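Source file: protein_29.tsv (TSV, C-alpha atoms and all ligand atoms)
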```tsv
chain	number	residue	atom	x	y	z
G	1	MET	CA	-28.73	-32.01	29.82
G	2	SER	CA	-30.41	-28.75	30.89
G	3	HIS	CA	-28.70	-26.51	33.42
G	4	VAL	CA	-29.28	-23.52	35.67
G	5	LEU	CA	-27.62	-20.33	34.44
G	6	ILE	CA	-26.18	-18.10	37.17
G	7	LEU	CA	-25.84	-14.46	36.19
G	8	GLY	CA	-23.47	-12.43	38.37
G	9	THR	CA	-24.00	-8.71	38.90
G	10	GLY	CA	-21.83	-8.04	41.99
G	11	GLY	CA	-23.03	-7.07	45.47
G	12	THR	CA	-21.87	-8.05	48.94
G	13	ILE	CA	-22.33	-11.69	48.00
G	14	ALA	CA	-19.24	-11.11	45.84
G	15	GLY	CA	-17.59	-8.77	48.34
G	16	THR	CA	-14.28	-9.20	50.19
G	17	ALA	CA	-12.55	-7.46	53.08
G	18	SER	CA	-8.78	-6.93	52.93
G	19	ASP	CA	-8.48	-7.09	56.75
G	20	PRO	CA	-9.92	-10.36	58.13
G	21	ASN	CA	-10.58	-8.64	61.47
G	22	ARG	CA	-12.62	-5.85	59.90
G	23	GLN	CA	-15.09	-7.74	57.74
G	24	TRP	CA	-17.53	-4.81	57.85
G	25	ALA	CA	-14.94	-2.73	55.94
G	26	TYR	CA	-15.36	-4.80	52.78
G	27	ARG	CA	-15.75	-3.86	49.15
G	28	ALA	CA	-18.74	-5.25	47.29
G	29	ALA	CA	-18.42	-6.85	43.84
G	30	GLN	CA	-14.88	-8.28	43.99
G	31	LEU	CA	-15.29	-12.01	43.22
G	32	SER	CA	-16.49	-13.45	39.95
G	33	VAL	CA	-19.69	-15.47	39.78
G	34	GLU	CA	-17.51	-18.52	38.98
G	35	GLN	CA	-15.66	-18.02	42.25
G	36	LEU	CA	-18.97	-17.76	44.12
G	37	VAL	CA	-20.14	-21.06	42.68
G	38	ALA	CA	-16.79	-22.74	43.39
G	39	ALA	CA	-17.16	-21.83	47.08
G	40	VAL	CA	-20.39	-23.83	47.45
G	41	PRO	CA	-19.73	-27.57	47.90
G	42	GLU	CA	-23.45	-28.43	47.39
G	43	LEU	CA	-23.20	-27.09	43.83
G	44	ALA	CA	-20.19	-29.21	42.84
G	45	HIS	CA	-22.27	-31.77	40.94
G	46	VAL	CA	-25.18	-29.58	39.83
G	47	PRO	CA	-25.25	-28.81	36.09
G	48	LEU	CA	-24.63	-25.07	35.99
G	49	ALA	CA	-23.33	-22.36	33.72
G	50	THR	CA	-22.22	-18.89	34.81
G	51	LYS	CA	-22.06	-15.50	33.16
G	52	GLN	CA	-20.69	-12.27	34.61
G	53	VAL	CA	-23.19	-9.65	33.48
G	54	ALA	CA	-21.86	-6.81	35.62
G	55	GLN	CA	-19.71	-6.24	38.70
G	56	VAL	CA	-21.32	-3.45	40.72
G	57	ASP	CA	-22.15	-2.45	44.23
G	58	SER	CA	-25.90	-2.35	43.72
G	59	LYS	CA	-26.17	1.16	45.14
G	60	ASP	CA	-24.81	2.05	41.68
G	61	MET	CA	-27.42	0.01	39.80
G	62	GLY	CA	-28.87	1.67	36.72
G	63	TRP	CA	-30.36	1.39	33.27
G	64	ILE	CA	-27.16	0.27	31.51
G	65	THR	CA	-26.62	-2.63	33.93
G	66	TRP	CA	-30.29	-3.56	33.68
G	67	GLN	CA	-29.93	-3.61	29.90
G	68	ALA	CA	-26.96	-6.00	30.18
G	69	LEU	CA	-29.02	-8.20	32.49
G	70	GLY	CA	-32.01	-8.02	30.16
G	71	HIS	CA	-29.86	-9.10	27.20
G	72	ALA	CA	-28.48	-12.07	29.16
G	73	ILE	CA	-31.97	-13.13	30.27
G	74	GLU	CA	-33.39	-12.78	26.77
G	75	GLU	CA	-30.57	-14.98	25.42
G	76	ALA	CA	-31.17	-17.53	28.16
G	77	MET	CA	-34.88	-17.65	27.34
G	78	ALA	CA	-33.99	-18.66	23.79
G	79	ASP	CA	-31.45	-21.28	24.90
G	80	GLU	CA	-33.13	-24.65	25.34
G	81	ALA	CA	-30.25	-25.87	27.49
G	82	VAL	CA	-31.10	-23.31	30.20
G	83	SER	CA	-33.90	-24.48	32.49
G	84	ALA	CA	-33.78	-21.66	35.04
G	85	ILE	CA	-31.85	-18.51	35.92
G	86	VAL	CA	-30.32	-17.37	39.21
G	87	VAL	CA	-29.15	-13.76	39.52
G	88	THR	CA	-26.61	-12.83	42.20
G	89	HIS	CA	-27.19	-9.21	43.21
G	90	GLY	CA	-26.48	-6.64	45.91
G	91	THR	CA	-29.14	-6.35	48.59
G	92	ASP	CA	-29.45	-2.56	48.39
G	93	THR	CA	-31.42	-2.26	45.17
G	94	LEU	CA	-32.50	-5.88	44.76
G	95	GLU	CA	-36.13	-4.83	45.17
G	96	GLU	CA	-35.86	-2.48	42.17
G	97	THR	CA	-34.34	-5.13	39.90
G	98	ALA	CA	-36.91	-7.66	41.14
G	99	CYS	CA	-39.74	-5.28	40.31
G	100	LEU	CA	-38.27	-4.58	36.85
G	101	LEU	CA	-37.91	-8.29	36.05
G	102	HIS	CA	-41.43	-8.98	37.34
G	103	ALA	CA	-42.77	-6.33	34.95
G	104	LEU	CA	-40.84	-7.50	31.85
G	105	HIS	CA	-40.30	-11.27	32.09
G	106	ASP	CA	-42.70	-13.47	30.13
G	107	GLY	CA	-42.74	-16.34	32.61
G	108	ARG	CA	-41.21	-19.01	30.36
G	109	LYS	CA	-38.51	-19.97	32.90
G	110	PRO	CA	-38.02	-19.25	36.59
G	111	ILE	CA	-35.74	-16.41	37.65
G	112	VAL	CA	-34.44	-16.42	41.23
G	113	LEU	CA	-32.56	-13.45	42.68
G	114	THR	CA	-30.23	-13.95	45.60
G	115	ALA	CA	-27.79	-11.85	47.63
G	116	ALA	CA	-25.93	-11.72	50.93
G	117	MET	CA	-25.53	-9.38	53.86
G	118	ARG	CA	-22.00	-10.51	54.74
G	119	PRO	CA	-19.09	-10.50	52.30
G	120	ALA	CA	-17.76	-13.74	50.86
G	121	SER	CA	-14.54	-13.36	52.91
G	122	ALA	CA	-16.43	-13.40	56.28
G	123	PRO	CA	-16.05	-16.65	58.25
G	124	ASP	CA	-19.85	-16.68	58.68
G	125	ALA	CA	-20.68	-15.54	55.13
G	126	ASP	CA	-24.35	-16.05	54.25
G	127	GLY	CA	-23.80	-15.97	50.48
G	128	PRO	CA	-22.93	-19.64	49.92
G	129	ALA	CA	-26.08	-20.92	51.67
G	130	ASN	CA	-28.22	-18.33	49.87
G	131	LEU	CA	-26.75	-19.30	46.50
G	132	ALA	CA	-27.24	-23.02	47.15
G	133	HIS	CA	-30.85	-22.33	48.19
G	134	ALA	CA	-31.50	-20.15	45.14
G	135	VAL	CA	-30.25	-22.88	42.78
G	136	LYS	CA	-32.39	-25.48	44.56
G	137	VAL	CA	-35.46	-23.22	44.31
G	138	ALA	CA	-34.75	-22.49	40.64
G	139	LYS	CA	-34.33	-26.17	39.73
G	140	ALA	CA	-37.48	-27.22	41.59
G	141	ALA	CA	-39.45	-24.40	39.99
G	142	ALA	CA	-38.30	-25.41	36.50
G	143	GLN	CA	-39.40	-28.98	37.19
G	144	ARG	CA	-42.84	-27.75	38.28
G	145	GLY	CA	-43.13	-25.57	35.16
G	146	GLU	CA	-43.10	-22.39	37.27
G	147	GLY	CA	-41.85	-19.33	35.41
G	148	GLY	CA	-42.09	-16.24	37.60
G	149	VAL	CA	-39.53	-14.12	39.43
G	150	VAL	CA	-38.71	-14.59	43.12
G	151	ALA	CA	-35.93	-13.80	45.57
G	152	ALA	CA	-34.39	-16.51	47.77
G	153	LEU	CA	-32.84	-14.88	50.83
G	154	ALA	CA	-31.99	-16.15	54.32
G	155	GLY	CA	-33.88	-19.40	53.77
G	156	ARG	CA	-37.10	-17.78	52.56
G	157	VAL	CA	-38.59	-17.17	49.13
G	158	TRP	CA	-40.28	-13.86	48.32
G	159	SER	CA	-42.28	-12.90	45.28
G	160	ALA	CA	-40.49	-10.25	43.22
G	161	ARG	CA	-43.72	-8.28	43.53
G	162	ASP	CA	-43.42	-8.03	47.31
G	163	VAL	CA	-39.76	-8.32	48.25
G	164	ARG	CA	-38.01	-5.34	49.85
G	165	LYS	CA	-35.02	-4.70	52.07
G	166	ALA	CA	-36.42	-4.01	55.51
G	167	HIS	CA	-33.32	-4.01	57.72
G	168	SER	CA	-30.04	-2.22	57.11
G	169	HIS	CA	-27.73	-4.86	58.63
G	170	ALA	CA	-29.58	-7.95	59.92
G	171	ILE	CA	-28.81	-11.21	58.13
G	172	ASP	CA	-32.52	-11.76	57.57
G	173	ALA	CA	-32.93	-8.34	56.02
G	174	PHE	CA	-35.88	-8.75	53.67
G	175	ASP	CA	-39.63	-8.90	54.02
G	176	GLY	CA	-42.70	-8.70	51.84
G	177	GLY	CA	-44.08	-5.35	52.99
G	178	GLY	CA	-46.90	-7.19	54.74
G	179	ALA	CA	-47.07	-10.12	52.30
G	180	GLU	CA	-45.97	-13.55	53.49
G	181	PRO	CA	-43.05	-15.47	51.94
G	182	LEU	CA	-43.98	-18.14	49.40
G	183	ASP	CA	-43.97	-21.73	50.59
G	184	ASP	CA	-43.32	-24.81	48.48
G	185	LEU	CA	-47.00	-25.21	47.67
G	186	THR	CA	-47.78	-21.63	46.71
G	187	SER	CA	-47.70	-20.90	42.99
G	188	TRP	CA	-45.56	-17.96	42.11
G	189	PRO	CA	-47.31	-14.77	40.98
G	190	SER	CA	-47.28	-14.52	37.18
G	191	PRO	CA	-44.94	-11.87	35.85
G	192	GLU	CA	-46.48	-9.08	33.79
G	193	ALA	CA	-44.77	-10.07	30.52
G	194	ARG	CA	-44.41	-6.53	29.16
G	195	GLY	CA	-41.41	-7.79	27.18
G	196	TRP	CA	-37.73	-6.85	27.16
G	197	ARG	CA	-38.03	-4.38	24.27
G	198	VAL	CA	-39.12	-1.57	26.59
G	199	LEU	CA	-35.77	-1.92	28.37
G	200	LEU	CA	-33.48	-2.95	25.53
G	201	GLU	CA	-34.67	-0.46	22.93
G	202	THR	CA	-34.62	2.58	25.20
G	203	PRO	CA	-31.13	4.09	25.34
G	204	PHE	CA	-32.18	6.90	27.73
G	205	PRO	CA	-35.07	6.33	30.09
G	206	PRO	CA	-37.26	9.33	30.95
G	207	ARG	CA	-36.09	11.22	34.01
G	208	VAL	CA	-38.22	10.17	36.97
G	209	GLU	CA	-37.24	11.42	40.43
G	210	LEU	CA	-38.28	10.46	43.93
G	211	ILE	CA	-38.95	12.92	46.73
G	212	THR	CA	-40.29	12.54	50.25
G	213	SER	CA	-43.05	14.39	52.07
G	214	HIS	CA	-41.95	15.29	55.62
G	215	ALA	CA	-42.29	18.03	58.22
G	216	ASP	CA	-41.65	21.39	56.53
G	217	ALA	CA	-41.70	19.81	53.04
G	218	ASP	CA	-42.56	22.94	51.05
G	219	GLY	CA	-41.82	21.80	47.49
G	220	TRP	CA	-38.52	23.70	47.27
G	221	LEU	CA	-36.68	20.69	45.84
G	222	LEU	CA	-39.44	19.92	43.37
G	223	ASP	CA	-39.61	23.51	42.11
G	224	ALA	CA	-35.83	23.42	41.64
G	225	ALA	CA	-36.14	20.19	39.65
G	226	LEU	CA	-38.90	21.70	37.51
G	227	ALA	CA	-36.75	24.72	36.73
G	228	HIS	CA	-33.78	22.58	35.77
G	229	VAL	CA	-33.14	21.09	32.37
G	230	HIS	CA	-30.19	18.70	32.35
G	231	ALA	CA	-27.27	19.42	30.03
G	232	SER	CA	-28.52	16.50	27.91
G	233	GLY	CA	-31.73	18.46	27.34
G	234	GLN	CA	-33.68	16.14	29.59
G	235	ALA	CA	-36.33	17.67	31.83
G	236	LEU	CA	-38.29	16.05	34.63
G	237	ALA	CA	-40.84	13.64	33.15
G	238	GLY	CA	-42.12	11.85	36.22
G	239	LEU	CA	-42.15	12.12	39.98
G	240	VAL	CA	-42.84	9.62	42.72
G	241	VAL	CA	-43.62	11.13	46.09
G	242	ALA	CA	-42.88	8.98	49.15
G	243	CYS	CA	-45.90	10.25	51.07
G	244	THR	CA	-46.76	10.13	54.73
G	245	GLY	CA	-49.14	7.35	55.82
G	246	HIS	CA	-51.66	6.24	53.25
G	247	GLY	CA	-50.62	8.78	50.63
G	248	THR	CA	-50.96	12.14	52.36
G	249	VAL	CA	-48.66	15.03	51.49
G	250	HIS	CA	-47.64	18.29	53.15
G	251	GLU	CA	-50.01	20.95	51.78
G	252	LYS	CA	-47.12	23.04	50.46
G	253	LEU	CA	-45.57	20.09	48.69
G	254	ALA	CA	-49.02	19.34	47.22
G	255	GLN	CA	-49.00	22.83	45.67
G	256	ALA	CA	-45.63	22.10	44.08
G	257	MET	CA	-46.95	18.73	42.85
G	258	GLN	CA	-49.79	20.61	41.15
G	259	ARG	CA	-47.26	22.93	39.49
G	260	ALA	CA	-45.38	19.84	38.31
G	261	ARG	CA	-48.54	18.31	36.91
G	262	ASP	CA	-49.39	21.59	35.15
G	263	ALA	CA	-45.92	21.41	33.57
G	264	GLY	CA	-46.69	17.92	32.19
G	265	VAL	CA	-44.92	15.82	34.82
G	266	ALA	CA	-46.58	12.49	35.74
G	267	VAL	CA	-46.90	12.40	39.53
G	268	TRP	CA	-47.51	9.21	41.54
G	269	ARG	CA	-47.96	8.72	45.27
G	270	SER	CA	-46.28	5.94	47.24
G	271	SER	CA	-45.82	5.63	50.98
G	272	ARG	CA	-42.75	6.10	53.15
G	273	THR	CA	-44.25	3.62	55.65
G	274	ALA	CA	-42.80	0.09	55.69
G	275	ARG	CA	-46.01	-1.79	54.94
G	276	GLY	CA	-49.26	-1.33	53.07
G	277	GLY	CA	-48.28	1.15	50.37
G	278	VAL	CA	-50.93	3.52	48.97
G	279	GLN	CA	-53.99	1.74	47.66
G	280	PRO	CA	-56.03	3.53	44.97
G	281	ARG	CA	-59.37	4.99	46.11
G	282	ASP	CA	-62.30	6.55	44.25
G	283	GLY	CA	-61.76	10.25	43.69
G	284	ASP	CA	-57.98	10.19	44.22
G	285	ALA	CA	-56.43	13.48	43.12
G	286	TRP	CA	-53.14	11.71	42.41
G	287	PRO	CA	-52.48	8.17	41.14
G	288	ALA	CA	-51.51	5.70	43.87
G	289	ALA	CA	-48.59	3.30	43.43
G	290	GLY	CA	-50.30	0.44	45.29
G	291	HIS	CA	-48.09	-1.82	47.37
G	292	TRP	CA	-44.82	-0.91	45.59
G	293	THR	CA	-42.09	0.78	47.60
G	294	PRO	CA	-41.18	4.32	46.50
G	295	ALA	CA	-38.06	3.04	44.68
G	296	GLN	CA	-40.07	0.30	42.93
G	297	ALA	CA	-42.80	2.80	42.02
G	298	ARG	CA	-40.11	4.92	40.36
G	299	VAL	CA	-39.10	1.96	38.17
G	300	ARG	CA	-42.72	1.33	37.24
G	301	LEU	CA	-43.35	4.96	36.34
G	302	VAL	CA	-40.27	4.91	34.08
G	303	LEU	CA	-41.73	1.86	32.28
G	304	GLU	CA	-45.17	3.50	32.01
G	305	LEU	CA	-43.71	6.67	30.50
G	306	ILE	CA	-41.65	4.69	27.96
G	307	SER	CA	-44.71	2.68	26.95
G	308	ALA	CA	-46.73	5.91	26.54
G	309	ARG	CA	-44.16	7.40	24.14
G	310	PRO	CA	-45.54	7.83	20.62
G	401	LIG	C1	-24.87	-3.97	47.36
G	401	LIG	O1	-26.08	-3.78	47.41
G	401	LIG	O2	-24.28	-4.25	46.30
G	401	LIG	C2	-24.05	-3.83	48.59
G	401	LIG	C3	-24.78	-4.22	49.80
G	401	LIG	C4	-25.23	-5.63	49.81
G	401	LIG	O3	-25.20	-6.37	48.86
G	401	LIG	O4	-25.68	-6.04	50.93
```
As structure tokens, what does this structure read like?
Amino acid sequence: MSHVLILGTGGTIAGTASDPNRQWAYRAAQLSVEQLVAAVPELAHVPLATKQVAQVDSKDMGWITWQALGHAIEEAMADEAVSAIVVTHGTDTLEETACLLHALHDGRKPIVLTAAMRPASAPDADGPANLAHAVKVAKAAAQRGEGGVVAALAGRVWSARDVRKAHSHAIDAFDGGGAEPLDDLTSWPSPEARGWRVLLETPFPPRVELITSHADADGWLLDAALAHVHASGQALAGLVVACTGHGTVHEKLAQAMQRARDAGVAVWRSSRTARGGVQPRDGDAWPAAGHWTPAQARVRLVLELISARP
């Protein structure tokens, strides 16, 4: 019989507080994915398998953990017994992992990310309901032959293309940056199917940094980054600027961006506003990252630069 595979990566959903009266003082990534499943009565009779891929607070997410996740997903794609995948994740960088999976996954099986805003030890923990919902969504999607990537959070389902954390502490913390959640009748956006090789065969991704345009932004930080070569020999390869409004930049920062471009750095514009992003327009001096958040645009620029390598 086919089953849903639940891949655990940590996060608040697996977090616990040592003092029951101070649940906000918890540590993320303490419980195993098996323990998370065991705490959900609705899952008791659902055919499931679990695998602990990582155990991190997602603020510490990075290439190595993504590679471990990519390996596990690739294996699951080849395993006929797995009908769908659920990934438990921290909320803080869920949008970056979602965007990465959307870019790489080939759409053969559904992948559903889920998370929680309260730790598992809280009396009103939101993780169990989110996990039960994610499994339900994953199973239903597999039955419909759906194979994209979504996030099931606080009772709603978001495309991995749109999802982003929009509130720092509310239980319903995610939105779609202006896009609506998916309902049961909406087909999921197709993933881009760039393939896992770009992730799995790249030991060191190119260095792509993110800076913000703001009052008095004069490019000081960017010039410092341009002058610096890391001890590993790595220099800045790409830059995403979180711009004001629809992609505008302080004139002094724009001069530093030009110096970066002259030095061979790929420079993209995204927006520091919550909705809308920076849509490309004719005659743009700098590429626009579209609707992606600045952090998601950084992931996409990393992938672009790897793909452009000879
Ligand atoms: C994390 O992102 O791992 C911690 C915060 C959270 O999951 O809400």
Fewer than 6 positions away in the same chain doesn't count, so skip those; otherwise give me all residues within 10 Å of Asp223 (chain G), counting all atoms listed in the file, as a ChimeraX atom specification. /G:253,256-257,259-260
Written file, previous selection with C-alpha atoms, as a PDB file, in the frame of the given file:
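Listing of again29.pdb after writing:
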```pdb
ATOM      1  CA  LEU G 253     -45.570  20.090  48.690  1.00  0.00           C
ATOM      2  CA  ALA G 256     -45.630  22.100  44.080  1.00  0.00           C
ATOM      3  CA  MET G 257     -46.950  18.730  42.850  1.00  0.00           C
ATOM      4  CA  ARG G 259     -47.260  22.930  39.490  1.00  0.00           C
ATOM      5  CA  ALA G 260     -45.380  19.840  38.310  1.00  0.00           C
TER       6      ALA G 260
END
```
Please extract the residues at most 7 Å from ligand LIG 401 (chain G), counting all atoms listed in the file, and provide them as a list in words, using the chain letters and residue numbers of this document.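 Taking all atoms listed in the file into account, the residues around ligand LIG 401 (chain G) at most 7 Å away are Gly10, Gly11, Thr12, Ile13, Ala28, Ala29, Val56, Asp57, Ser58, Lys59, His89, Gly90, Thr91, Asp92, Thr93, Ala115, Ala116, Met117 and Arg118 of chain G.
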Distance criterion (only C-alpha atoms): nearest to Arg22 (chain G) out of G:Val46, G:Val157, G:Leu5, G:Pro123: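 Among G:Val46, G:Val157, G:Leu5, G:Pro123, it is G:Pro123 that comes nearest to Arg22 (chain G).
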Within 9 Å of (-44.7, -6.0, 27.0) (coordinates as in the file), grab all the protein and nucleic acid residues, counting all atoms listed in the file, and write them out as a short mmCIF file (atom, residue, chain, number, x, y, z; two decimals) with C-alpha atoms, keeping the file's coordinate frame.
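Output contents, as saved in point_27.cif:
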```cif
data_model
loop_
_atom_site.label_atom_id
_atom_site.label_comp_id
_atom_site.auth_asym_id
_atom_site.auth_seq_id
_atom_site.Cartn_x
_atom_site.Cartn_y
_atom_site.Cartn_z
CA ALA G 103 -42.77 -6.33 34.95
CA LEU G 104 -40.84 -7.50 31.85
CA HIS G 105 -40.30 -11.27 32.09
CA ASP G 106 -42.70 -13.47 30.13
CA GLU G 192 -46.48 -9.08 33.79
CA ALA G 193 -44.77 -10.07 30.52
CA ARG G 194 -44.41 -6.53 29.16
CA GLY G 195 -41.41 -7.79 27.18
CA TRP G 196 -37.73 -6.85 27.16
CA ARG G 197 -38.03 -4.38 24.27
CA VAL G 198 -39.12 -1.57 26.59
CA SER G 307 -44.71 2.68 26.95
#
```
Could you give me, as a Markdown table, every region 259-298 of chain G residue with an atom at most 7 Å from region 238-247 of chain G, plus its closest atom pair and distance in Å to one decimal, counting all atoms listed in the file, rows ordered by chain then number?
```
| residue | atom | partner | partner_atom | distance |
| --- | --- | --- | --- | --- |
| G:Val265 | CA | G:Gly238 | CA | 5.1 |
| G:Ala266 | CA | G:Gly238 | CA | 4.5 |
| G:Val267 | CA | G:Leu239 | CA | 4.8 |
| G:Trp268 | CA | G:Val240 | CA | 4.8 |
| G:Arg269 | CA | G:Val241 | CA | 5.0 |
| G:Ser270 | CA | G:Ala242 | CA | 4.9 |
| G:Ser271 | CA | G:Cys243 | CA | 4.6 |
| G:Arg272 | CA | G:Ala242 | CA | 4.9 |
| G:Thr273 | CA | G:Gly245 | CA | 6.2 |
| G:Gly277 | CA | G:His246 | CA | 6.8 |
| G:Val278 | CA | G:His246 | CA | 5.1 |
| G:Pro294 | CA | G:Ala242 | CA | 5.6 |
| G:Ala297 | CA | G:Val240 | CA | 6.9 |
| G:Arg298 | CA | G:Val240 | CA | 5.9 |
```
Taking all atoms listed in the file into account, name the residue in G:Gly147, G:Gly127, G:Gly233, G:Pro206 that is nearest to Ile85 (chain G). G:Gly147
With only C-alpha atoms as the basis for distance, which of G:Ala289, G:Ala72, G:Val302, G:Ala227 is at the shortest distance from Thr202 (chain G)? G:Val302
Any idea what the distance is between CA of Asp183 (chain G) and CA of Lys136 (chain G)?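 Going from CA of Asp183 (chain G) over to CA of Lys136 (chain G) covers 13.6 Å.
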Distance of CA of Val53 (chain G) from CA of Glu74 (chain G), expressed in Å to one decimal place: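 Distance reported for this atom pair: 12.6 Å.
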Do you have the CA of Ser83 (chain G)-CA of Arg164 (chain G) distance handy?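 If I compute the distance from CA of Ser83 (chain G) to CA of Arg164 (chain G), I get 26.2 Å.
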Taking all atoms listed in the file into account, name the residue in G:Leu69, G:Ala122, G:Met77, G:Ile171 that is nearest to Leu100 (chain G).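 Between G:Leu69, G:Ala122, G:Met77, G:Ile171, the residue approaching Leu100 (chain G) most closely is G:Leu69.
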Give the answer as one residue: which of G:Gly145, G:Leu222, G:Thr9, G:Asp216 has the shortest atom-to-atom distance to Gln258 (chain G), using only C-alpha atoms?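 Smallest distance to Gln258 (chain G) is found for G:Leu222.
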Shell of 8 Å around Val87 (chain G), only C-alpha atoms, local chain residues under 4 positions omitted, as a ChimeraX atom specification: /G:6-9,111-114
Export of prior selection with C-alpha atoms as a PDB file, in the frame of the given file:
```
ATOM      1  CA  ILE G   6     -26.180 -18.100  37.170  1.00  0.00           C
ATOM      2  CA  LEU G   7     -25.840 -14.460  36.190  1.00  0.00           C
ATOM      3  CA  GLY G   8     -23.470 -12.430  38.370  1.00  0.00           C
ATOM      4  CA  THR G   9     -24.000  -8.710  38.900  1.00  0.00           C
ATOM      5  CA  ILE G 111     -35.740 -16.410  37.650  1.00  0.00           C
ATOM      6  CA  VAL G 112     -34.440 -16.420  41.230  1.00  0.00           C
ATOM      7  CA  LEU G 113     -32.560 -13.450  42.680  1.00  0.00           C
ATOM      8  CA  THR G 114     -30.230 -13.950  45.600  1.00  0.00           C
TER       9      THR G 114
END
```
